[in-house]
>>> print(open('model14.txt').read())   # compact mmCIF, C-alpha atoms
# COMPACT_ATOMS: atom_id res chain seq x y z
CA MET A 1 113.95 -9.52 120.70
CA SER A 2 111.22 -11.33 118.78
CA TRP A 3 108.73 -8.55 119.41
CA ASP A 4 111.08 -6.08 117.68
CA TRP A 5 111.26 -8.29 114.66
CA ASP A 6 107.50 -8.54 114.60
CA LYS A 7 107.23 -4.72 114.66
CA LEU A 8 109.64 -4.38 111.78
CA GLN A 9 107.72 -6.90 109.76
CA GLU A 10 104.47 -5.09 110.46
CA LYS A 11 105.91 -1.74 109.37
CA HIS A 12 107.33 -3.36 106.26
CA ARG A 13 103.92 -4.72 105.36
CA GLU A 14 102.38 -1.30 105.82
CA ARG A 15 104.94 0.27 103.45
CA THR A 16 104.46 -2.41 100.81
CA SER A 17 100.70 -2.32 101.09
CA GLY A 18 98.57 0.02 98.92
CA SER A 19 97.73 2.41 101.79
CA GLY A 20 101.35 3.80 101.97
CA ILE A 21 102.88 5.69 104.92
CA ARG A 22 100.56 7.70 107.14
CA PRO A 23 101.77 11.37 107.40
CA PRO A 24 102.16 12.90 110.84
CA GLN A 25 99.07 14.67 112.12
CA MET A 26 98.77 17.90 114.13
CA ASP A 27 97.35 16.08 117.09
CA ASP A 28 100.37 13.82 117.17
CA LEU A 29 102.76 16.85 117.15
CA VAL A 30 100.85 18.58 119.92
CA ALA A 31 100.90 15.40 121.97
CA LYS A 32 104.64 15.01 121.49
CA ILE A 33 105.25 18.68 122.51
CA LYS A 34 103.10 18.27 125.59
CA GLY A 35 104.90 15.09 126.43
CA TYR A 36 108.32 16.71 126.15
CA GLN A 37 109.71 17.96 129.44
CA PHE A 38 112.04 21.03 129.37
CA PRO A 39 114.85 21.09 131.89
CA GLY A 40 113.71 23.36 134.70
CA GLY A 41 110.22 23.66 133.31
CA TRP A 42 108.41 26.06 131.02
CA LEU A 43 109.37 29.13 133.03
CA LEU A 44 113.06 28.64 132.42
CA ALA A 45 112.48 28.27 128.67
CA ILE A 46 110.45 31.49 128.54
CA ILE A 47 113.14 33.37 130.45
CA VAL A 48 115.80 32.15 128.07
CA LEU A 49 113.75 33.25 125.06
CA ILE A 50 113.12 36.68 126.59
CA MET A 51 116.81 37.13 127.34
CA LEU A 52 117.73 36.17 123.80
CA PHE A 53 115.19 38.62 122.38
CA PHE A 54 116.25 41.56 124.52
CA GLY A 55 119.92 40.72 124.13
CA ALA A 56 119.63 40.79 120.36
CA SER A 57 117.75 44.13 120.49
CA MET A 58 120.55 45.74 122.50
CA VAL A 59 123.12 45.41 119.72
CA TYR A 60 122.87 47.19 116.37
CA THR A 61 125.18 48.16 113.51
CA VAL A 62 125.39 51.55 111.80
CA GLU A 63 126.72 51.67 108.24
CA VAL A 64 129.42 54.08 107.08
CA ASN A 65 127.03 56.35 105.15
CA GLU A 66 124.49 56.70 107.96
CA VAL A 67 124.01 57.57 111.63
CA GLY A 68 121.76 56.10 114.29
CA VAL A 69 119.33 58.35 116.14
CA VAL A 70 118.50 56.83 119.54
CA GLN A 71 115.23 57.59 121.33
CA ARG A 72 114.44 56.57 124.92
CA PHE A 73 110.72 56.24 125.46
CA GLY A 74 110.26 58.43 122.37
CA LYS A 75 112.63 61.19 123.48
CA TYR A 76 115.88 61.86 121.63
CA VAL A 77 118.95 60.99 123.71
CA ARG A 78 121.94 60.65 121.38
CA THR A 79 123.25 60.07 117.85
CA SER A 80 125.50 57.08 117.25
CA THR A 81 128.15 56.89 114.55
CA SER A 82 129.09 54.05 112.20
CA GLY A 83 130.12 50.69 113.63
CA LEU A 84 128.84 48.32 116.32
CA ASN A 85 126.75 50.08 118.97
CA PHE A 86 124.74 49.16 122.04
CA LYS A 87 121.50 50.44 123.48
CA LEU A 88 118.90 49.55 126.04
CA PRO A 89 116.50 46.75 125.14
CA ALA A 90 113.57 47.18 122.78
CA GLY A 91 110.69 49.02 124.31
CA ILE A 92 113.05 51.34 126.16
CA GLU A 93 115.31 52.67 123.43
CA LYS A 94 114.65 52.79 119.71
CA VAL A 95 117.15 53.37 116.89
CA THR A 96 116.31 55.13 113.63
CA LYS A 97 119.01 54.95 110.99
CA VAL A 98 119.37 58.03 108.76
CA LYS A 99 121.55 58.00 105.64
CA THR A 100 123.41 61.32 105.86
CA LYS A 101 125.72 60.80 102.87
CA ARG A 102 123.13 59.59 100.42
CA ILE A 103 121.88 61.98 97.73
CA TYR A 104 118.09 61.97 97.51
CA LYS A 105 116.12 63.29 94.57
CA GLU A 106 112.68 64.80 94.10
CA GLU A 107 111.24 65.29 90.62
CA PHE A 108 108.72 67.88 89.48
CA GLY A 109 106.87 67.65 86.18
CA LEU A 110 108.91 64.66 84.97
CA ASP A 111 108.00 61.10 84.02
CA SER A 112 109.60 58.78 86.57
CA GLN A 113 109.24 55.82 84.21
CA GLN A 114 111.78 57.20 81.73
CA GLU A 115 115.53 57.44 82.00
CA ASP A 116 117.09 60.59 83.43
CA ILE A 117 118.29 62.02 80.09
CA ALA A 118 114.99 61.28 78.34
CA ARG A 119 112.99 62.86 81.14
CA MET A 120 115.05 66.03 81.09
CA THR A 121 114.88 66.49 77.31
CA SER A 122 111.64 64.91 76.09
CA GLY A 123 109.39 67.70 77.37
CA VAL A 124 106.97 65.35 79.14
CA GLU A 125 104.79 67.64 81.20
CA TYR A 126 102.57 67.30 84.21
CA VAL A 127 100.02 70.07 84.42
CA ASP A 128 99.85 70.45 88.20
CA GLU A 129 103.59 71.01 88.71
CA SER A 130 105.26 72.21 85.53
CA LEU A 131 102.77 74.80 84.23
CA MET A 132 103.81 78.21 85.57
CA LEU A 133 102.86 81.82 84.95
CA THR A 134 105.79 84.01 83.89
CA GLY A 135 106.35 87.67 84.61
CA ASP A 136 105.06 88.77 81.18
CA LEU A 137 101.79 86.84 81.74
CA ASN A 138 102.73 83.86 79.56
CA VAL A 139 102.45 80.19 80.52
CA GLY A 140 105.58 78.07 80.53
CA VAL A 141 106.30 74.39 81.09
CA VAL A 142 109.13 74.16 83.64
CA PRO A 143 110.14 70.63 84.74
CA TRP A 144 112.95 70.35 87.29
CA ILE A 145 114.59 68.10 89.85
CA VAL A 146 115.92 68.78 93.36
CA GLN A 147 118.83 66.77 94.76
CA TYR A 148 119.46 66.95 98.48
CA ARG A 149 121.03 65.20 101.44
CA ILE A 150 120.32 65.12 105.17
CA LYS A 151 122.76 67.32 107.11
CA ASP A 152 121.02 67.26 110.52
CA PRO A 153 119.30 63.96 111.40
CA TYR A 154 117.66 65.41 114.53
CA ASP A 155 115.94 68.26 112.65
CA TYR A 156 115.08 65.93 109.80
CA LEU A 157 113.26 63.48 112.10
CA PHE A 158 111.68 65.69 114.73
CA GLN A 159 111.18 69.27 113.51
CA VAL A 160 108.80 68.70 110.58
CA SER A 161 106.09 66.06 110.55
CA ASP A 162 106.27 65.24 106.81
CA VAL A 163 109.61 66.65 105.68
CA THR A 164 109.42 65.20 102.16
CA GLN A 165 106.07 66.80 101.41
CA PHE A 166 107.28 70.04 102.96
CA LEU A 167 110.33 69.94 100.69
CA ARG A 168 108.16 69.45 97.61
CA ASP A 169 105.82 72.28 98.60
CA MET A 170 108.67 74.71 99.24
CA ALA A 171 110.48 73.68 96.04
CA GLU A 172 107.38 74.34 93.97
CA ALA A 173 106.72 77.66 95.71
CA SER A 174 110.32 78.82 95.23
CA MET A 175 110.37 77.86 91.57
CA ARG A 176 107.06 79.59 90.86
CA LEU A 177 108.33 82.72 92.60
CA VAL A 178 111.52 82.79 90.52
CA VAL A 179 109.74 82.06 87.24
CA GLY A 180 107.11 84.71 88.04
CA ASP A 181 109.83 87.38 88.06
CA ARG A 182 111.05 86.59 84.52
CA SER A 183 109.72 86.67 80.99
CA ILE A 184 108.99 83.54 78.98
CA ASN A 185 112.10 84.11 76.86
CA GLU A 186 114.27 84.29 79.98
CA VAL A 187 112.65 81.12 81.33
CA ILE A 188 113.58 79.30 78.13
CA SER A 189 117.07 80.73 77.64
CA LYS A 190 118.34 81.29 81.22
CA ARG A 191 117.69 77.96 82.89
CA GLU A 192 120.94 77.85 84.89
CA GLU A 193 120.32 81.31 86.34
CA ILE A 194 116.76 80.38 87.32
CA ALA A 195 117.91 77.10 88.89
CA ALA A 196 120.58 78.86 90.97
CA ASP A 197 118.12 81.50 92.19
CA ALA A 198 115.51 78.87 93.06
CA GLN A 199 118.13 76.83 94.96
CA VAL A 200 119.06 79.83 97.12
CA ARG A 201 115.43 80.62 97.91
CA LEU A 202 114.59 76.98 98.65
CA GLN A 203 117.57 76.53 100.97
CA THR A 204 116.57 79.66 102.88
CA GLU A 205 113.04 78.34 103.43
CA LEU A 206 114.29 74.91 104.53
CA ASP A 207 116.77 76.42 106.99
CA GLU A 208 114.10 78.65 108.53
CA ALA A 209 111.86 75.60 109.00
CA LYS A 210 114.76 73.56 110.50
CA THR A 211 114.27 70.62 108.17
CA GLY A 212 117.89 69.46 108.42
CA ILE A 213 118.11 69.26 104.61
CA HIS A 214 120.92 70.61 102.44
CA ILE A 215 120.11 71.23 98.78
CA VAL A 216 122.87 69.84 96.58
CA THR A 217 121.57 71.08 93.25
CA VAL A 218 118.48 72.25 91.40
CA GLU A 219 118.40 71.41 87.70
CA LEU A 220 115.83 72.52 85.15
CA GLY A 221 114.71 70.29 82.32
CA ASN A 222 113.52 71.30 78.85
CA THR A 223 111.60 74.52 79.50
CA ASN A 224 109.09 75.45 76.82
CA VAL A 225 105.54 76.63 76.25
CA PRO A 226 102.53 74.27 76.23
CA GLY A 227 102.06 72.24 73.07
CA PRO A 228 98.77 73.85 71.89
CA VAL A 229 100.39 77.30 71.70
CA GLN A 230 103.81 76.21 70.43
CA ASP A 231 103.20 77.32 66.82
CA SER A 232 101.82 80.69 67.86
CA PHE A 233 104.72 81.21 70.22
CA ASN A 234 107.21 80.47 67.43
CA GLU A 235 105.49 83.02 65.19
CA VAL A 236 105.66 85.61 67.95
CA ASN A 237 109.35 84.90 68.47
CA GLN A 238 109.97 85.25 64.74
CA ALA A 239 108.15 88.58 64.70
CA VAL A 240 110.14 89.77 67.71
CA GLN A 241 113.39 88.75 66.03
CA GLU A 242 112.44 90.62 62.85
CA LYS A 243 111.56 93.66 64.95
CA GLU A 244 114.91 93.52 66.74
CA LYS A 245 116.67 93.10 63.39
CA THR A 246 114.93 96.18 62.00
CA ILE A 247 115.78 98.18 65.11
CA TYR A 248 119.38 97.05 64.88
CA GLU A 249 119.63 98.06 61.22
CA ALA A 250 118.05 101.45 62.01
CA LYS A 251 120.50 102.01 64.85
CA GLU A 252 123.36 101.00 62.58
CA GLU A 253 122.25 103.55 59.96
CA TYR A 254 121.79 106.16 62.69
CA ASN A 255 125.27 105.52 64.03
CA ARG A 256 126.66 105.87 60.52
CA VAL A 257 124.82 109.03 59.40
CA ILE A 258 124.56 111.07 62.59
CA PRO A 259 128.28 111.07 63.47
CA LYS A 260 129.11 111.98 59.87
CA ALA A 261 126.65 114.89 59.93
CA ARG A 262 127.98 116.02 63.28
CA GLY A 263 131.52 115.88 61.92
CA GLU A 264 130.59 117.95 58.88
CA ALA A 265 128.81 120.47 61.08
CA GLU A 266 131.80 120.67 63.38
CA GLN A 267 134.09 121.14 60.38
CA ALA A 268 131.89 123.95 59.04
CA ILE A 269 131.86 125.64 62.44
CA ARG A 270 135.63 125.40 62.74
CA SER A 271 136.06 126.78 59.19
CA ALA A 272 133.77 129.69 59.99
CA GLU A 273 135.59 130.38 63.21
CA GLY A 274 138.93 130.28 61.37
CA TYR A 275 137.66 132.64 58.64
CA ALA A 276 136.30 135.03 61.26
CA MET A 277 139.59 134.98 63.13
CA GLU A 278 141.46 135.60 59.87
CA ARG A 279 139.31 138.59 58.98
CA VAL A 280 139.59 140.03 62.45
CA ASN A 281 143.34 139.63 62.46
CA GLN A 282 143.56 141.18 59.00
CA ALA A 283 141.38 144.11 60.06
CA GLU A 284 143.40 144.61 63.20
CA GLY A 285 146.60 144.51 61.10
CA ASP A 286 145.23 147.08 58.64
CA ALA A 287 144.15 149.32 61.48
CA ALA A 288 147.57 149.02 63.13
CA ARG A 289 149.29 149.84 59.84
CA PHE A 290 147.00 152.81 59.27
CA ARG A 291 147.74 154.13 62.74
CA GLU A 292 151.46 153.73 62.08
CA GLN A 293 151.13 155.62 58.81
CA TYR A 294 149.15 158.33 60.53
CA ARG A 295 151.86 158.82 63.13
CA GLU A 296 154.42 159.17 60.35
CA TYR A 297 152.10 161.51 58.44
CA VAL A 298 151.79 163.76 61.48
CA LYS A 299 155.56 164.00 61.69
CA ALA A 300 156.07 164.89 57.97
CA LYS A 301 152.86 165.52 56.10
CA ASP A 302 154.29 166.48 52.68
CA VAL A 303 156.77 163.65 52.48
CA THR A 304 154.30 161.09 53.73
CA ARG A 305 151.57 162.28 51.31
CA ARG A 306 153.93 162.10 48.33
CA ARG A 307 155.14 158.66 49.41
CA LEU A 308 151.60 157.37 49.69
CA TYR A 309 150.75 158.80 46.29
CA LEU A 310 153.75 157.24 44.61
CA GLU A 311 153.12 153.87 46.25
CA MET A 312 149.53 153.95 45.06
CA VAL A 313 150.52 154.90 41.53
CA LYS A 314 153.16 152.13 41.51
CA SER A 315 150.60 149.56 42.56
CA VAL A 316 147.92 150.78 40.10
CA PHE A 317 149.76 151.56 36.85
CA PRO A 318 151.21 148.07 36.24
CA ASN A 319 147.69 146.72 36.07
CA VAL A 320 146.35 149.35 33.65
CA GLY A 321 147.79 147.88 30.46
CA GLU A 322 147.18 149.72 27.21
CA LEU A 323 145.22 152.95 27.42
CA THR A 324 143.22 154.19 24.44
CA ILE A 325 141.56 157.62 24.33
CA ILE A 326 138.91 158.22 21.75
CA ASP A 327 138.07 161.72 20.69
CA SER A 328 134.44 162.18 19.79
CA GLU A 329 135.31 164.56 16.93
CA GLN A 330 137.83 162.29 15.20
CA LYS A 331 137.15 159.35 13.04
CA ASN A 332 140.21 157.27 13.83
CA VAL A 333 141.79 155.76 16.92
CA LEU A 334 144.78 157.78 18.25
CA PRO A 335 147.73 155.64 19.58
CA LEU A 336 149.30 157.40 22.54
CA ILE A 337 152.61 157.06 24.26
CA ASN A 338 152.95 154.07 26.51
CA LEU A 339 153.31 155.77 29.84
CA GLY A 340 154.60 152.65 31.44
CA GLU A 341 157.63 152.39 29.11
CA LYS A 342 158.25 156.16 29.23
CA TRP A 343 158.38 156.35 32.98
CA GLY A 344 160.19 153.07 33.38
CA LEU A 345 157.12 151.31 34.74
CA THR A 346 156.78 147.76 33.54
CA ASN A 347 153.86 145.50 34.02
CA GLU A 348 155.25 142.85 36.33
CA LYS A 349 153.09 139.88 36.14
>>> encode(input="model14.txt", output="structure tokens")
Amino acid sequence: MSWDWDKLQEKHRERTSGSGIRPPQMDDLVAKIKGYQFPGGWLLAIIVLIMLFFGASMVYTVEVNEVGVVQRFGKYVRTSTSGLNFKLPAGIEKVTKVKTKRIYKEEFGLDSQQEDIARMTSGVEYVDESLMLTGDLNVGVVPWIVQYRIKDPYDYLFQVSDVTQFLRDMAEASMRLVVGDRSINEVISKREEIAADAQVRLQTELDEAKTGIHIVTVELGNTNVPGPVQDSFNEVNQAVQEKEKTIYEAKEEYNRVIPKARGEAEQAIRSAEGYAMERVNQAEGDAARFREQYREYVKAKDVTRRRLYLEMVKSVFPNVGELTIIDSEQKNVLPLINLGEKWGLTNEK
């Protein structure tokens, strides 16, 4: 065992010497690998590695919020659910995992660097997406977001080549179509109505294209007019409000005066109609009375004539009062007998 002791002493001298320990070199590693002999040879080792590789590729796991779309030589064969699943080795079958319960979001005219609330209220605008022409030929800034999920993984993967870009194009086209049918004031004040209409139109387009996407919600941000025309737009709005106020006051005065005039006219018409009816009825009554008197007169002319005379005298004398006769040849006033007292006729007042 002396030679072993000599080797140990030599190695100890090398460590304690200034040269230090010599690091392993690549040539030494290659020589060691070449010198190592695998059981059964290199072929067995390669087969084991291939089996491990293909065996690992045959097992895959699908999460709860996703599904696995399996393709065999590029052709769709099945959709696997959540859990542990098996497939043919790599190169034969391929699995694409699609998150069907995740809510995705696409933004239009918003700054992705800001927080959600700040982006929806700060009015940050991107010219290419948010500037839109309204129905009254004004320009509005309309930022919005689209939230969606994947309802059909097969359509989502295989029906449209670039489904995300298609979604953005259709969302922009639908929003421009809806905004183009409304005035600038409606765009600013009726955001929820515009968002709902745009969502319906967008979902229709996506279903016709078989994108496999379901729109969860469309939400508009702070709609406004471009900054350079903001002051002018405010002045126009103020003028429109003053105009509407004046029209409202005029309508209020109209509603107050016209019904009153119509009521007075109706009252005058009803009074005239009542007076005419009264006169007609009175005339008809006088005519009926005259005819009745005439029938009595025909029966007894002398008696009826005397009766009419006496009734006339009775109705006229009480209103005569004092009667004074002046003779043109005399100088004084002659007091005569009071015919009313003599004949028993008193002035009943």
>>> residues_around(input="model14.txt", residues="segment 153-164 of chain A", least_positions_apart="4", cutoff="8 Å", atoms="all atoms listed in the file", output="ChimeraX atom specification")
/A:67,69,98,100,168,209-213
>>> closest_atom_pairs(input="model14.txt", of="segment 195-254 of chain A", to="segment 175-181 of chain A", cutoff="10 Å", atoms="all atoms listed in the file", output="Markdown table")
| residue | atom | partner | partner_atom | distance |
| --- | --- | --- | --- | --- |
| A:Ala195 | CA | A:Met175 | CA | 8.0 |
| A:Ala196 | CA | A:Val178 | CA | 9.9 |
| A:Asp197 | CA | A:Val178 | CA | 6.9 |
| A:Ala198 | CA | A:Met175 | CA | 5.4 |
| A:Gln199 | CA | A:Met175 | CA | 8.5 |
| A:Arg201 | CA | A:Met175 | CA | 8.6 |
| A:Leu202 | CA | A:Met175 | CA | 8.3 |
| A:Val218 | CA | A:Met175 | CA | 9.9 |
| A:Leu220 | CA | A:Met175 | CA | 10.0 |
>>> closest_residue(input="model14.txt", among="A:Lys94, A:Lys101, A:Arg182, A:Lys75", to="Leu137 of chain A", atoms="all atoms listed in the file")
A:Arg182
>>> atom_distance(input="model14.txt", atom1="atom CA of Leu167 of chain A", atom2="atom CA of Asp136 of chain A")
27.6 Å
>>> axis_aligned_box(input="model14.txt", around="segment 78-94 of chain A", padding_each_side="8 Å", output="lines of an AutoDock Vina configuration file")
center_x = 120.4
center_y = 53.7
center_z = 119.2
size_x = 35.4
size_y = 29.9
size_z = 30.0
>>> closest_residue(input="model14.txt", among="A:Ser271, A:Asn237, A:Asn65, A:Ser130", to="Gly221 of chain A", atoms="only C-alpha atoms")
A:Ser130
